[in-house]
>>> print(open('model-v7.tsv').read())   # TSV, N, CA and C atoms
chain	number	residue	atom	x	y	z
A	1	MET	N	0.83	-1.18	0.00
A	1	MET	CA	0.00	0.00	0.00
A	1	MET	C	0.87	1.24	0.00
A	2	LEU	N	0.37	2.20	-0.68
A	2	LEU	CA	1.07	3.47	-0.78
A	2	LEU	C	0.23	4.52	-0.06
A	3	PHE	N	0.83	5.22	0.87
A	3	PHE	CA	0.13	6.27	1.61
A	3	PHE	C	0.69	7.62	1.20
A	4	ARG	N	-0.19	8.56	1.16
A	4	ARG	CA	0.21	9.91	0.80
A	4	ARG	C	-0.21	10.83	1.94
A	5	SER	N	0.69	11.61	2.43
A	5	SER	CA	0.31	12.57	3.47
A	5	SER	C	0.65	13.97	2.99
A	6	ILE	N	-0.20	14.87	3.39
A	6	ILE	CA	-0.02	16.27	3.02
A	6	ILE	C	0.28	17.04	4.29
A	7	VAL	N	1.37	17.77	4.25
A	7	VAL	CA	1.75	18.58	5.41
A	7	VAL	C	1.62	20.05	5.01
A	8	ARG	N	0.85	20.76	5.77
A	8	ARG	CA	0.71	22.19	5.51
A	8	ARG	C	1.68	22.93	6.41
A	9	VAL	N	2.36	23.84	5.79
A	9	VAL	CA	3.29	24.66	6.55
A	9	VAL	C	2.75	26.08	6.54
A	10	GLY	N	2.68	26.69	7.69
A	10	GLY	CA	2.20	28.07	7.78
A	10	GLY	C	0.71	28.14	8.01
A	11	ASN	N	0.21	29.34	7.99
A	11	ASN	CA	-1.18	29.62	8.26
A	11	ASN	C	-2.04	29.38	7.02
A	12	VAL	N	-3.24	28.85	7.22
A	12	VAL	CA	-4.20	28.62	6.14
A	12	VAL	C	-5.36	29.59	6.32
A	13	LYS	N	-5.86	30.12	5.20
A	13	LYS	CA	-6.98	31.07	5.24
A	13	LYS	C	-8.20	30.45	5.91
A	14	PRO	N	-8.91	31.25	6.71
A	14	PRO	CA	-10.16	30.77	7.29
A	14	PRO	C	-11.25	30.71	6.21
A	15	ILE	N	-12.34	30.04	6.52
A	15	ILE	CA	-13.46	29.87	5.60
A	15	ILE	C	-14.68	30.60	6.18
A	16	ALA	N	-15.19	31.56	5.42
A	16	ALA	CA	-16.40	32.28	5.84
A	16	ALA	C	-17.62	31.55	5.30
A	17	ALA	N	-18.63	31.41	6.14
A	17	ALA	CA	-19.90	30.80	5.73
A	17	ALA	C	-21.01	31.48	6.50
A	18	GLY	N	-22.03	31.91	5.82
A	18	GLY	CA	-23.13	32.59	6.48
A	18	GLY	C	-24.46	32.15	5.91
A	19	TYR	N	-25.50	32.32	6.69
A	19	TYR	CA	-26.84	32.02	6.22
A	19	TYR	C	-27.85	32.93	6.89
A	20	LEU	N	-29.05	32.90	6.36
A	20	LEU	CA	-30.15	33.70	6.84
A	20	LEU	C	-30.92	32.91	7.89
A	21	ASN	N	-31.11	33.47	9.08
A	21	ASN	CA	-31.83	32.78	10.15
A	21	ASN	C	-33.34	32.85	9.98
A	22	THR	N	-33.81	33.63	9.03
A	22	THR	CA	-35.24	33.87	8.85
A	22	THR	C	-35.74	33.06	7.66
A	23	PHE	N	-36.93	32.47	7.79
A	23	PHE	CA	-37.50	31.69	6.71
A	23	PHE	C	-38.80	32.33	6.24
A	24	GLY	N	-39.15	32.06	5.02
A	24	GLY	CA	-40.39	32.60	4.46
A	24	GLY	C	-40.17	33.95	3.80
A	25	GLN	N	-41.26	34.52	3.33
A	25	GLN	CA	-41.19	35.79	2.63
A	25	GLN	C	-40.89	36.92	3.61
A	26	LEU	N	-40.04	37.84	3.19
A	26	LEU	CA	-39.64	38.97	4.03
A	26	LEU	C	-40.20	40.26	3.45
A	27	PHE	N	-40.73	41.09	4.33
A	27	PHE	CA	-41.36	42.34	3.91
A	27	PHE	C	-40.60	43.53	4.47
A	28	THR	N	-40.84	44.70	3.86
A	28	THR	CA	-40.25	45.92	4.42
A	28	THR	C	-40.72	46.05	5.87
A	29	GLY	N	-39.80	46.43	6.74
A	29	GLY	CA	-40.10	46.53	8.16
A	29	GLY	C	-39.70	45.29	8.94
A	30	ASP	N	-39.44	44.17	8.23
A	30	ASP	CA	-39.02	42.94	8.91
A	30	ASP	C	-37.56	43.03	9.32
A	31	SER	N	-37.27	42.44	10.46
A	31	SER	CA	-35.88	42.33	10.92
A	31	SER	C	-35.29	41.03	10.38
A	32	VAL	N	-34.06	41.10	9.92
A	32	VAL	CA	-33.38	39.96	9.33
A	32	VAL	C	-32.15	39.63	10.17
A	33	THR	N	-31.96	38.35	10.48
A	33	THR	CA	-30.79	37.93	11.25
A	33	THR	C	-29.88	37.08	10.37
A	34	LEU	N	-28.61	37.46	10.33
A	34	LEU	CA	-27.59	36.75	9.55
A	34	LEU	C	-26.70	35.98	10.50
A	35	ASN	N	-26.39	34.74	10.17
A	35	ASN	CA	-25.61	33.89	11.06
A	35	ASN	C	-24.31	33.46	10.40
A	36	GLY	N	-23.19	33.77	11.03
A	36	GLY	CA	-21.88	33.41	10.50
A	36	GLY	C	-21.18	32.33	11.30
A	37	TYR	N	-21.92	31.67	12.23
A	37	TYR	CA	-21.29	30.64	13.06
A	37	TYR	C	-20.72	29.43	12.29
A	38	PRO	N	-21.21	29.11	11.08
A	38	PRO	CA	-20.57	27.99	10.36
A	38	PRO	C	-19.14	28.30	9.88
A	39	SER	N	-18.72	29.56	9.96
A	39	SER	CA	-17.35	29.92	9.55
A	39	SER	C	-16.34	29.21	10.44
A	40	TYR	N	-15.19	28.89	9.88
A	40	TYR	CA	-14.17	28.19	10.68
A	40	TYR	C	-12.77	28.46	10.15
A	41	ASP	N	-11.80	28.12	10.96
A	41	ASP	CA	-10.40	28.22	10.56
A	41	ASP	C	-9.81	26.82	10.59
A	42	PRO	N	-9.24	26.35	9.45
A	42	PRO	CA	-8.66	25.01	9.41
A	42	PRO	C	-7.54	24.79	10.44
A	43	ASP	N	-6.89	25.88	10.84
A	43	ASP	CA	-5.81	25.78	11.83
A	43	ASP	C	-6.33	25.85	13.26
A	44	GLY	N	-7.62	26.13	13.41
A	44	GLY	CA	-8.19	26.24	14.75
A	44	GLY	C	-7.99	27.60	15.40
A	45	ASP	N	-7.53	28.60	14.63
A	45	ASP	CA	-7.33	29.94	15.19
A	45	ASP	C	-8.68	30.60	15.48
A	46	ALA	N	-8.71	31.49	16.46
A	46	ALA	CA	-9.91	32.26	16.77
A	46	ALA	C	-10.20	33.21	15.62
A	47	LEU	N	-11.49	33.45	15.38
A	47	LEU	CA	-11.90	34.29	14.26
A	47	LEU	C	-12.48	35.62	14.73
A	48	THR	N	-12.28	36.63	13.89
A	48	THR	CA	-13.03	37.87	14.02
A	48	THR	C	-13.94	37.95	12.79
A	49	TYR	N	-15.06	38.67	12.93
A	49	TYR	CA	-16.09	38.70	11.90
A	49	TYR	C	-16.32	40.12	11.42
A	50	GLN	N	-16.62	40.26	10.12
A	50	GLN	CA	-16.99	41.56	9.59
A	50	GLN	C	-18.06	41.39	8.52
A	51	TRP	N	-19.27	41.84	8.85
A	51	TRP	CA	-20.38	41.84	7.91
A	51	TRP	C	-20.47	43.22	7.28
A	52	LYS	N	-20.82	43.28	5.98
A	52	LYS	CA	-21.10	44.56	5.33
A	52	LYS	C	-22.03	44.29	4.15
A	53	PHE	N	-22.71	45.34	3.69
A	53	PHE	CA	-23.54	45.21	2.50
A	53	PHE	C	-22.67	45.38	1.27
A	54	SER	N	-22.81	44.46	0.31
A	54	SER	CA	-22.14	44.66	-0.97
A	54	SER	C	-23.15	45.13	-2.02
A	55	ASP	N	-24.45	45.03	-1.69
A	55	ASP	CA	-25.49	45.55	-2.57
A	55	ASP	C	-26.77	45.73	-1.76
A	56	MET	N	-27.55	46.73	-2.14
A	56	MET	CA	-28.85	46.97	-1.49
A	56	MET	C	-29.68	47.81	-2.45
A	57	PRO	N	-31.00	47.86	-2.22
A	57	PRO	CA	-31.86	48.65	-3.12
A	57	PRO	C	-31.49	50.13	-3.09
A	58	GLN	N	-31.70	50.78	-4.22
A	58	GLN	CA	-31.44	52.21	-4.31
A	58	GLN	C	-32.28	52.94	-3.28
A	59	GLY	N	-31.68	53.86	-2.54
A	59	GLY	CA	-32.37	54.65	-1.54
A	59	GLY	C	-32.44	54.00	-0.17
A	60	SER	N	-31.94	52.77	-0.05
A	60	SER	CA	-31.98	52.10	1.25
A	60	SER	C	-30.96	52.72	2.19
A	61	SER	N	-31.35	52.83	3.45
A	61	SER	CA	-30.42	53.29	4.48
A	61	SER	C	-30.29	52.23	5.58
A	62	ALA	N	-30.50	50.96	5.20
A	62	ALA	CA	-30.41	49.86	6.16
A	62	ALA	C	-29.01	49.82	6.77
A	63	LEU	N	-28.95	49.55	8.06
A	63	LEU	CA	-27.69	49.45	8.79
A	63	LEU	C	-27.54	48.05	9.37
A	64	LEU	N	-26.36	47.49	9.24
A	64	LEU	CA	-26.08	46.21	9.86
A	64	LEU	C	-25.73	46.43	11.33
A	65	LEU	N	-26.48	45.81	12.21
A	65	LEU	CA	-26.21	45.89	13.64
A	65	LEU	C	-25.33	44.71	14.04
A	66	ASN	N	-24.42	44.93	14.98
A	66	ASN	CA	-23.49	43.89	15.44
A	66	ASN	C	-22.68	43.30	14.29
A	67	SER	N	-22.22	44.18	13.40
A	67	SER	CA	-21.53	43.73	12.19
A	67	SER	C	-20.16	43.11	12.45
A	68	ASP	N	-19.66	43.22	13.68
A	68	ASP	CA	-18.36	42.62	14.00
A	68	ASP	C	-18.51	41.37	14.88
A	69	THR	N	-19.69	40.75	14.82
A	69	THR	CA	-19.97	39.54	15.58
A	69	THR	C	-20.43	38.44	14.62
A	70	PRO	N	-20.50	37.19	15.08
A	70	PRO	CA	-20.98	36.11	14.20
A	70	PRO	C	-22.44	36.30	13.76
A	71	VAL	N	-23.26	36.95	14.60
A	71	VAL	CA	-24.67	37.14	14.28
A	71	VAL	C	-24.96	38.63	14.14
A	72	ALA	N	-25.30	39.04	12.91
A	72	ALA	CA	-25.63	40.44	12.63
A	72	ALA	C	-27.10	40.51	12.23
A	73	SER	N	-27.63	41.73	12.23
A	73	SER	CA	-29.03	41.88	11.82
A	73	SER	C	-29.23	43.24	11.16
A	74	PHE	N	-30.34	43.35	10.44
A	74	PHE	CA	-30.75	44.62	9.86
A	74	PHE	C	-32.25	44.58	9.61
A	75	THR	N	-32.82	45.76	9.36
A	75	THR	CA	-34.24	45.87	9.05
A	75	THR	C	-34.39	46.25	7.59
A	76	ILE	N	-35.23	45.52	6.88
A	76	ILE	CA	-35.50	45.81	5.47
A	76	ILE	C	-36.27	47.12	5.42
A	77	ASP	N	-35.69	48.12	4.75
A	77	ASP	CA	-36.36	49.42	4.69
A	77	ASP	C	-36.87	49.77	3.30
A	78	LYS	N	-36.45	49.03	2.30
A	78	LYS	CA	-36.91	49.24	0.92
A	78	LYS	C	-37.11	47.87	0.27
A	79	PRO	N	-38.10	47.73	-0.59
A	79	PRO	CA	-38.24	46.46	-1.30
A	79	PRO	C	-37.07	46.28	-2.27
A	80	GLY	N	-36.67	45.04	-2.47
A	80	GLY	CA	-35.59	44.73	-3.40
A	80	GLY	C	-34.57	43.79	-2.80
A	81	GLY	N	-33.44	43.66	-3.48
A	81	GLY	CA	-32.41	42.71	-3.07
A	81	GLY	C	-31.31	43.34	-2.23
A	82	TYR	N	-30.95	42.61	-1.19
A	82	TYR	CA	-29.84	42.99	-0.31
A	82	TYR	C	-28.82	41.86	-0.36
A	83	VAL	N	-27.55	42.20	-0.42
A	83	VAL	CA	-26.49	41.21	-0.35
A	83	VAL	C	-25.59	41.59	0.81
A	84	ALA	N	-25.59	40.72	1.83
A	84	ALA	CA	-24.72	40.92	2.99
A	84	ALA	C	-23.50	40.03	2.79
A	85	GLN	N	-22.34	40.59	2.99
A	85	GLN	CA	-21.09	39.88	2.78
A	85	GLN	C	-20.38	39.69	4.11
A	86	LEU	N	-19.87	38.48	4.33
A	86	LEU	CA	-19.13	38.17	5.55
A	86	LEU	C	-17.69	37.82	5.20
A	87	ILE	N	-16.76	38.46	5.90
A	87	ILE	CA	-15.34	38.11	5.82
A	87	ILE	C	-14.88	37.82	7.24
A	88	VAL	N	-14.21	36.69	7.42
A	88	VAL	CA	-13.65	36.35	8.73
A	88	VAL	C	-12.13	36.43	8.64
A	89	ASN	N	-11.50	36.68	9.79
A	89	ASN	CA	-10.05	36.82	9.85
A	89	ASN	C	-9.53	35.99	11.02
A	90	ASP	N	-8.40	35.32	10.81
A	90	ASP	CA	-7.83	34.47	11.87
A	90	ASP	C	-6.69	35.15	12.61
A	91	GLY	N	-6.60	36.46	12.48
A	91	GLY	CA	-5.52	37.21	13.12
A	91	GLY	C	-4.40	37.54	12.16
A	92	ALA	N	-4.38	36.85	11.01
A	92	ALA	CA	-3.34	37.11	10.01
A	92	ALA	C	-3.91	37.16	8.60
A	93	LEU	N	-4.89	36.30	8.31
A	93	LEU	CA	-5.42	36.20	6.95
A	93	LEU	C	-6.93	36.40	6.93
A	94	ASP	N	-7.41	37.07	5.86
A	94	ASP	CA	-8.84	37.20	5.62
A	94	ASP	C	-9.33	36.02	4.79
A	95	SER	N	-10.57	35.64	5.03
A	95	SER	CA	-11.21	34.62	4.21
A	95	SER	C	-11.66	35.23	2.88
A	96	LYS	N	-12.07	34.37	1.96
A	96	LYS	CA	-12.80	34.85	0.80
A	96	LYS	C	-14.18	35.26	1.32
A	97	PRO	N	-14.82	36.25	0.69
A	97	PRO	CA	-16.13	36.68	1.17
A	97	PRO	C	-17.20	35.60	0.95
A	98	ALA	N	-18.11	35.51	1.89
A	98	ALA	CA	-19.31	34.68	1.75
A	98	ALA	C	-20.49	35.64	1.66
A	99	ALA	N	-21.43	35.37	0.78
A	99	ALA	CA	-22.57	36.27	0.57
A	99	ALA	C	-23.88	35.62	1.00
A	100	VAL	N	-24.73	36.43	1.59
A	100	VAL	CA	-26.09	36.00	1.94
A	100	VAL	C	-27.04	36.94	1.20
A	101	TYR	N	-27.92	36.35	0.41
A	101	TYR	CA	-28.86	37.12	-0.41
A	101	TYR	C	-30.22	37.19	0.30
A	102	VAL	N	-30.77	38.40	0.36
A	102	VAL	CA	-32.05	38.64	1.00
A	102	VAL	C	-32.90	39.45	0.05
A	103	ARG	N	-34.16	39.05	-0.11
A	103	ARG	CA	-35.08	39.82	-0.95
A	103	ARG	C	-36.26	40.26	-0.10
A	104	GLY	N	-36.45	41.56	-0.04
A	104	GLY	CA	-37.58	42.12	0.70
A	104	GLY	C	-38.63	42.61	-0.27
A	105	VAL	N	-39.89	42.40	0.08
A	105	VAL	CA	-40.98	42.87	-0.78
A	105	VAL	C	-41.86	43.84	0.01
A	106	GLN	N	-42.53	44.68	-0.73
A	106	GLN	CA	-43.46	45.64	-0.14
A	106	GLN	C	-44.71	44.88	0.28
A	107	PRO	N	-45.12	45.00	1.55
A	107	PRO	CA	-46.36	44.31	1.92
A	107	PRO	C	-47.53	44.95	1.20
A	108	CYS	N	-48.49	44.13	0.82
A	108	CYS	CA	-49.68	44.66	0.17
A	108	CYS	C	-50.87	44.47	1.09
A	109	VAL	N	-51.90	45.19	0.82
A	109	VAL	CA	-53.10	45.12	1.65
A	109	VAL	C	-54.07	44.17	0.96
A	110	GLU	N	-54.50	43.17	1.69
A	110	GLU	CA	-55.50	42.25	1.16
A	110	GLU	C	-56.84	42.97	1.06
A	111	ASN	N	-57.54	42.73	-0.02
A	111	ASN	CA	-58.86	43.32	-0.20
A	111	ASN	C	-59.92	42.30	0.21
A	112	PHE	N	-60.64	42.60	1.25
A	112	PHE	CA	-61.70	41.72	1.71
A	112	PHE	C	-63.04	42.35	1.32
A	113	ALA	N	-63.93	41.54	0.83
A	113	ALA	CA	-65.25	42.05	0.45
A	113	ALA	C	-66.30	41.01	0.84
A	114	ILE	N	-67.39	41.47	1.36
A	114	ILE	CA	-68.51	40.57	1.66
A	114	ILE	C	-69.47	40.69	0.50
A	115	ARG	N	-69.81	39.54	-0.07
A	115	ARG	CA	-70.73	39.53	-1.20
A	115	ARG	C	-72.14	39.89	-0.70
A	116	PRO	N	-72.87	40.65	-1.50
A	116	PRO	CA	-74.24	41.00	-1.09
A	116	PRO	C	-75.08	39.75	-0.82
A	117	LYS	N	-75.86	39.79	0.24
A	117	LYS	CA	-76.77	38.72	0.64
A	117	LYS	C	-76.02	37.40	0.86
A	118	SER	N	-74.79	37.48	1.31
A	118	SER	CA	-74.02	36.27	1.54
A	118	SER	C	-73.12	36.49	2.74
A	119	THR	N	-72.82	35.42	3.43
A	119	THR	CA	-71.89	35.53	4.56
A	119	THR	C	-70.49	35.10	4.15
A	120	LYS	N	-70.34	34.73	2.89
A	120	LYS	CA	-69.02	34.32	2.41
A	120	LYS	C	-68.13	35.55	2.23
A	121	ILE	N	-66.91	35.39	2.60
A	121	ILE	CA	-65.94	36.48	2.44
A	121	ILE	C	-65.04	36.14	1.27
A	122	GLY	N	-64.90	37.07	0.36
A	122	GLY	CA	-64.01	36.87	-0.79
A	122	GLY	C	-62.72	37.63	-0.56
A	123	ARG	N	-61.65	37.11	-1.12
A	123	ARG	CA	-60.36	37.77	-0.94
A	123	ARG	C	-59.70	37.92	-2.30
A	124	ALA	N	-59.33	39.14	-2.63
A	124	ALA	CA	-58.60	39.39	-3.87
A	124	ALA	C	-57.17	38.92	-3.69
A	125	SER	N	-56.54	38.50	-4.77
A	125	SER	CA	-55.17	38.03	-4.63
A	125	SER	C	-54.23	39.20	-4.41
A	126	CYS	N	-53.18	38.93	-3.71
A	126	CYS	CA	-52.20	39.95	-3.36
A	126	CYS	C	-50.90	39.58	-4.06
A	127	ARG	N	-50.49	40.35	-5.02
A	127	ARG	CA	-49.29	40.03	-5.77
A	127	ARG	C	-48.10	40.83	-5.26
A	128	GLU	N	-46.93	40.21	-5.39
A	128	GLU	CA	-45.70	40.86	-4.95
A	128	GLU	C	-45.45	42.08	-5.83
A	129	ARG	N	-45.18	43.21	-5.19
A	129	ARG	CA	-44.85	44.44	-5.91
A	129	ARG	C	-43.49	44.92	-5.43
A	130	VAL	N	-42.55	44.98	-6.35
A	130	VAL	CA	-41.21	45.46	-5.99
A	130	VAL	C	-40.86	46.63	-6.85
>>> encode(input="model-v7.tsv", output="structure tokens")
Amino acid sequence: MLFRSIVRVGNVKPIAAGYLNTFGQLFTGDSVTLNGYPSYDPDGDALTYQWKFSDMPQGSSALLLNSDTPVASFTIDKPGGYVAQLIVNDGALDSKPAAVYVRGVQPCVENFAIRPKSTKIGRASCRERV
């Protein structure tokens, strides 16, 4: 049998990984939580975290709260796409960025109407408007 071993010399870049803690459709006014705990360093070094927006809807003034921790959050203030980027550092090297994509939609008002001479309630469909 032939065995092959790989020896790494020096520091190896950490790996950034993030995901969205929220499920389902997100509307303007909703709070969004981003989780970077799956990030790791192959060498076992302690990590620091940095979240930032790499894209957001025009006119948005959303702010990332706790952007230097594994778990950051923000409030969707405009409908459209948000891209939050996470970079982790092991004290010497930065990871490649990991991106979390979030899409916020404008909530719509359901139209309820009672039909004449009926107790049935009808509901108009509510379509996504961005």
>>> closest_residue(input="model-v7.tsv", among="A:Ile87, A:Val71, A:Leu64, A:Leu20", to="A:Val102", atoms="only N, CA and C atoms")
A:Leu20
>>> atom_distance(input="model-v7.tsv", atom1="atom C of A:Lys52", atom2="atom C of A:Gly91")
20.5 Å
>>> residues_around(input="model-v7.tsv", residues="A:Tyr40", least_positions_apart="2", cutoff="7 Å", atoms="all atoms listed in the file", output="ChimeraX atom specification")
/A:13-17,37-38,42-45
>>> residues_around(input="model-v7.tsv", residues="stretch 21-31 of chain A", least_positions_apart="4", cutoff="8 Å", atoms="all atoms listed in the file", output="number ranges by chain")
A: 35, 73-80, 102-108
>>> atom_distance(input="model-v7.tsv", atom1="atom C of A:Ala98", atom2="atom N of A:Gly10")
25.6 Å
>>> atom_distance(input="model-v7.tsv", atom1="atom N of A:Gly36", atom2="atom CA of A:Asp68")
10.5 Å
>>> select_by_dssp(input="model-v7.tsv", residues="stretch 57-87 of chain A", states="strand (DSSP E)", output="MDAnalysis selection string")
chainID A and resid 71:75 80:87
>>> write_last_selection(input="model-v7.tsv", atoms="N, CA and C atoms", output="PDB file, keeping the file's coordinate frame")
ATOM      1  N   VAL A  71     -23.260  36.950  14.600  1.00  0.00           N
ATOM      2  CA  VAL A  71     -24.670  37.140  14.280  1.00  0.00           C
ATOM      3  C   VAL A  71     -24.960  38.630  14.140  1.00  0.00           C
ATOM      4  N   ALA A  72     -25.300  39.040  12.910  1.00  0.00           N
ATOM      5  CA  ALA A  72     -25.630  40.440  12.630  1.00  0.00           C
ATOM      6  C   ALA A  72     -27.100  40.510  12.230  1.00  0.00           C
ATOM      7  N   SER A  73     -27.630  41.730  12.230  1.00  0.00           N
ATOM      8  CA  SER A  73     -29.030  41.880  11.820  1.00  0.00           C
ATOM      9  C   SER A  73     -29.230  43.240  11.160  1.00  0.00           C
ATOM     10  N   PHE A  74     -30.340  43.350  10.440  1.00  0.00           N
ATOM     11  CA  PHE A  74     -30.750  44.620   9.860  1.00  0.00           C
ATOM     12  C   PHE A  74     -32.250  44.580   9.610  1.00  0.00           C
ATOM     13  N   THR A  75     -32.820  45.760   9.360  1.00  0.00           N
ATOM     14  CA  THR A  75     -34.240  45.870   9.050  1.00  0.00           C
ATOM     15  C   THR A  75     -34.390  46.250   7.590  1.00  0.00           C
ATOM     16  N   GLY A  80     -36.670  45.040  -2.470  1.00  0.00           N
ATOM     17  CA  GLY A  80     -35.590  44.730  -3.400  1.00  0.00           C
ATOM     18  C   GLY A  80     -34.570  43.790  -2.800  1.00  0.00           C
ATOM     19  N   GLY A  81     -33.440  43.660  -3.480  1.00  0.00           N
ATOM     20  CA  GLY A  81     -32.410  42.710  -3.070  1.00  0.00           C
ATOM     21  C   GLY A  81     -31.310  43.340  -2.230  1.00  0.00           C
ATOM     22  N   TYR A  82     -30.950  42.610  -1.190  1.00  0.00           N
ATOM     23  CA  TYR A  82     -29.840  42.990  -0.310  1.00  0.00           C
ATOM     24  C   TYR A  82     -28.820  41.860  -0.360  1.00  0.00           C
ATOM     25  N   VAL A  83     -27.550  42.200  -0.420  1.00  0.00           N
ATOM     26  CA  VAL A  83     -26.490  41.210  -0.350  1.00  0.00           C
ATOM     27  C   VAL A  83     -25.590  41.590   0.810  1.00  0.00           C
ATOM     28  N   ALA A  84     -25.590  40.720   1.830  1.00  0.00           N
ATOM     29  CA  ALA A  84     -24.720  40.920   2.990  1.00  0.00           C
ATOM     30  C   ALA A  84     -23.500  40.030   2.790  1.00  0.00           C
ATOM     31  N   GLN A  85     -22.340  40.590   2.990  1.00  0.00           N
ATOM     32  CA  GLN A  85     -21.090  39.880   2.780  1.00  0.00           C
ATOM     33  C   GLN A  85     -20.380  39.690   4.110  1.00  0.00           C
ATOM     34  N   LEU A  86     -19.870  38.480   4.330  1.00  0.00           N
ATOM     35  CA  LEU A  86     -19.130  38.170   5.550  1.00  0.00           C
ATOM     36  C   LEU A  86     -17.690  37.820   5.200  1.00  0.00           C
ATOM     37  N   ILE A  87     -16.760  38.460   5.900  1.00  0.00           N
ATOM     38  CA  ILE A  87     -15.340  38.110   5.820  1.00  0.00           C
ATOM     39  C   ILE A  87     -14.880  37.820   7.240  1.00  0.00           C
TER      40      ILE A  87
END
>>> closest_atom_pairs(input="model-v7.tsv", of="stretch 76-107 of chain A", to="stretch 55-60 of chain A", cutoff="5 Å", atoms="all atoms listed in the file", output="Markdown table")
| residue | atom | partner | partner_atom | distance |
| --- | --- | --- | --- | --- |
| A:Gly81 | C | A:Met56 | CA | 4.4 |
| A:Tyr82 | CA | A:Met56 | CA | 4.3 |
| A:Val83 | N | A:Asp55 | C | 3.9 |
>>> residues_around(input="model-v7.tsv", residues="A:Leu86", least_positions_apart="2", cutoff="6 Å", atoms="only N, CA and C atoms", output="list in words")
Ala16, Gln50, Trp51, Lys52, Ala84, Val88, Lys96, Pro97, Ala98, Ala99 and Val100 of chain A
>>> build_atoms(input="model-v7.tsv", residues="stretch 71-85 of chain A", atoms="N, CA, C and O atoms", output="PDB file, in the frame of the given file")
ATOM      1  N   VAL A  71     -23.260  36.950  14.600  1.00  0.00           N
ATOM      2  CA  VAL A  71     -24.670  37.140  14.280  1.00  0.00           C
ATOM      3  C   VAL A  71     -24.960  38.630  14.140  1.00  0.00           C
ATOM      4  O   VAL A  71     -24.870  39.381  15.104  1.00  0.00           O
ATOM      5  N   ALA A  72     -25.300  39.040  12.910  1.00  0.00           N
ATOM      6  CA  ALA A  72     -25.630  40.440  12.630  1.00  0.00           C
ATOM      7  C   ALA A  72     -27.100  40.510  12.230  1.00  0.00           C
ATOM      8  O   ALA A  72     -27.727  39.498  11.909  1.00  0.00           O
ATOM      9  N   SER A  73     -27.630  41.730  12.230  1.00  0.00           N
ATOM     10  CA  SER A  73     -29.030  41.880  11.820  1.00  0.00           C
ATOM     11  C   SER A  73     -29.230  43.240  11.160  1.00  0.00           C
ATOM     12  O   SER A  73     -28.414  44.147  11.299  1.00  0.00           O
ATOM     13  N   PHE A  74     -30.340  43.350  10.440  1.00  0.00           N
ATOM     14  CA  PHE A  74     -30.750  44.620   9.860  1.00  0.00           C
ATOM     15  C   PHE A  74     -32.250  44.580   9.610  1.00  0.00           C
ATOM     16  O   PHE A  74     -32.876  43.524   9.656  1.00  0.00           O
ATOM     17  N   THR A  75     -32.820  45.760   9.360  1.00  0.00           N
ATOM     18  CA  THR A  75     -34.240  45.870   9.050  1.00  0.00           C
ATOM     19  C   THR A  75     -34.390  46.250   7.590  1.00  0.00           C
ATOM     20  O   THR A  75     -33.740  47.184   7.111  1.00  0.00           O
ATOM     21  N   ILE A  76     -35.230  45.520   6.880  1.00  0.00           N
ATOM     22  CA  ILE A  76     -35.500  45.810   5.470  1.00  0.00           C
ATOM     23  C   ILE A  76     -36.270  47.120   5.420  1.00  0.00           C
ATOM     24  O   ILE A  76     -37.347  47.230   5.991  1.00  0.00           O
ATOM     25  N   ASP A  77     -35.690  48.120   4.750  1.00  0.00           N
ATOM     26  CA  ASP A  77     -36.360  49.420   4.690  1.00  0.00           C
ATOM     27  C   ASP A  77     -36.870  49.770   3.300  1.00  0.00           C
ATOM     28  O   ASP A  77     -37.650  50.705   3.136  1.00  0.00           O
ATOM     29  N   LYS A  78     -36.450  49.030   2.300  1.00  0.00           N
ATOM     30  CA  LYS A  78     -36.910  49.240   0.920  1.00  0.00           C
ATOM     31  C   LYS A  78     -37.110  47.870   0.270  1.00  0.00           C
ATOM     32  O   LYS A  78     -36.348  46.937   0.544  1.00  0.00           O
ATOM     33  N   PRO A  79     -38.100  47.730  -0.590  1.00  0.00           N
ATOM     34  CA  PRO A  79     -38.240  46.460  -1.300  1.00  0.00           C
ATOM     35  C   PRO A  79     -37.070  46.280  -2.270  1.00  0.00           C
ATOM     36  O   PRO A  79     -36.525  47.250  -2.793  1.00  0.00           O
ATOM     37  N   GLY A  80     -36.670  45.040  -2.470  1.00  0.00           N
ATOM     38  CA  GLY A  80     -35.590  44.730  -3.400  1.00  0.00           C
ATOM     39  C   GLY A  80     -34.570  43.790  -2.800  1.00  0.00           C
ATOM     40  O   GLY A  80     -34.783  43.208  -1.736  1.00  0.00           O
ATOM     41  N   GLY A  81     -33.440  43.660  -3.480  1.00  0.00           N
ATOM     42  CA  GLY A  81     -32.410  42.710  -3.070  1.00  0.00           C
ATOM     43  C   GLY A  81     -31.310  43.340  -2.230  1.00  0.00           C
ATOM     44  O   GLY A  81     -30.836  44.435  -2.508  1.00  0.00           O
ATOM     45  N   TYR A  82     -30.950  42.610  -1.190  1.00  0.00           N
ATOM     46  CA  TYR A  82     -29.840  42.990  -0.310  1.00  0.00           C
ATOM     47  C   TYR A  82     -28.820  41.860  -0.360  1.00  0.00           C
ATOM     48  O   TYR A  82     -29.186  40.680  -0.353  1.00  0.00           O
ATOM     49  N   VAL A  83     -27.550  42.200  -0.420  1.00  0.00           N
ATOM     50  CA  VAL A  83     -26.490  41.210  -0.350  1.00  0.00           C
ATOM     51  C   VAL A  83     -25.590  41.590   0.810  1.00  0.00           C
ATOM     52  O   VAL A  83     -24.956  42.641   0.805  1.00  0.00           O
ATOM     53  N   ALA A  84     -25.590  40.720   1.830  1.00  0.00           N
ATOM     54  CA  ALA A  84     -24.720  40.920   2.990  1.00  0.00           C
ATOM     55  C   ALA A  84     -23.500  40.030   2.790  1.00  0.00           C
ATOM     56  O   ALA A  84     -23.627  38.855   2.463  1.00  0.00           O
ATOM     57  N   GLN A  85     -22.340  40.590   2.990  1.00  0.00           N
ATOM     58  CA  GLN A  85     -21.090  39.880   2.780  1.00  0.00           C
ATOM     59  C   GLN A  85     -20.380  39.690   4.110  1.00  0.00           C
ATOM     60  O   GLN A  85     -20.314  40.611   4.920  1.00  0.00           O
TER      61      GLN A  85
END
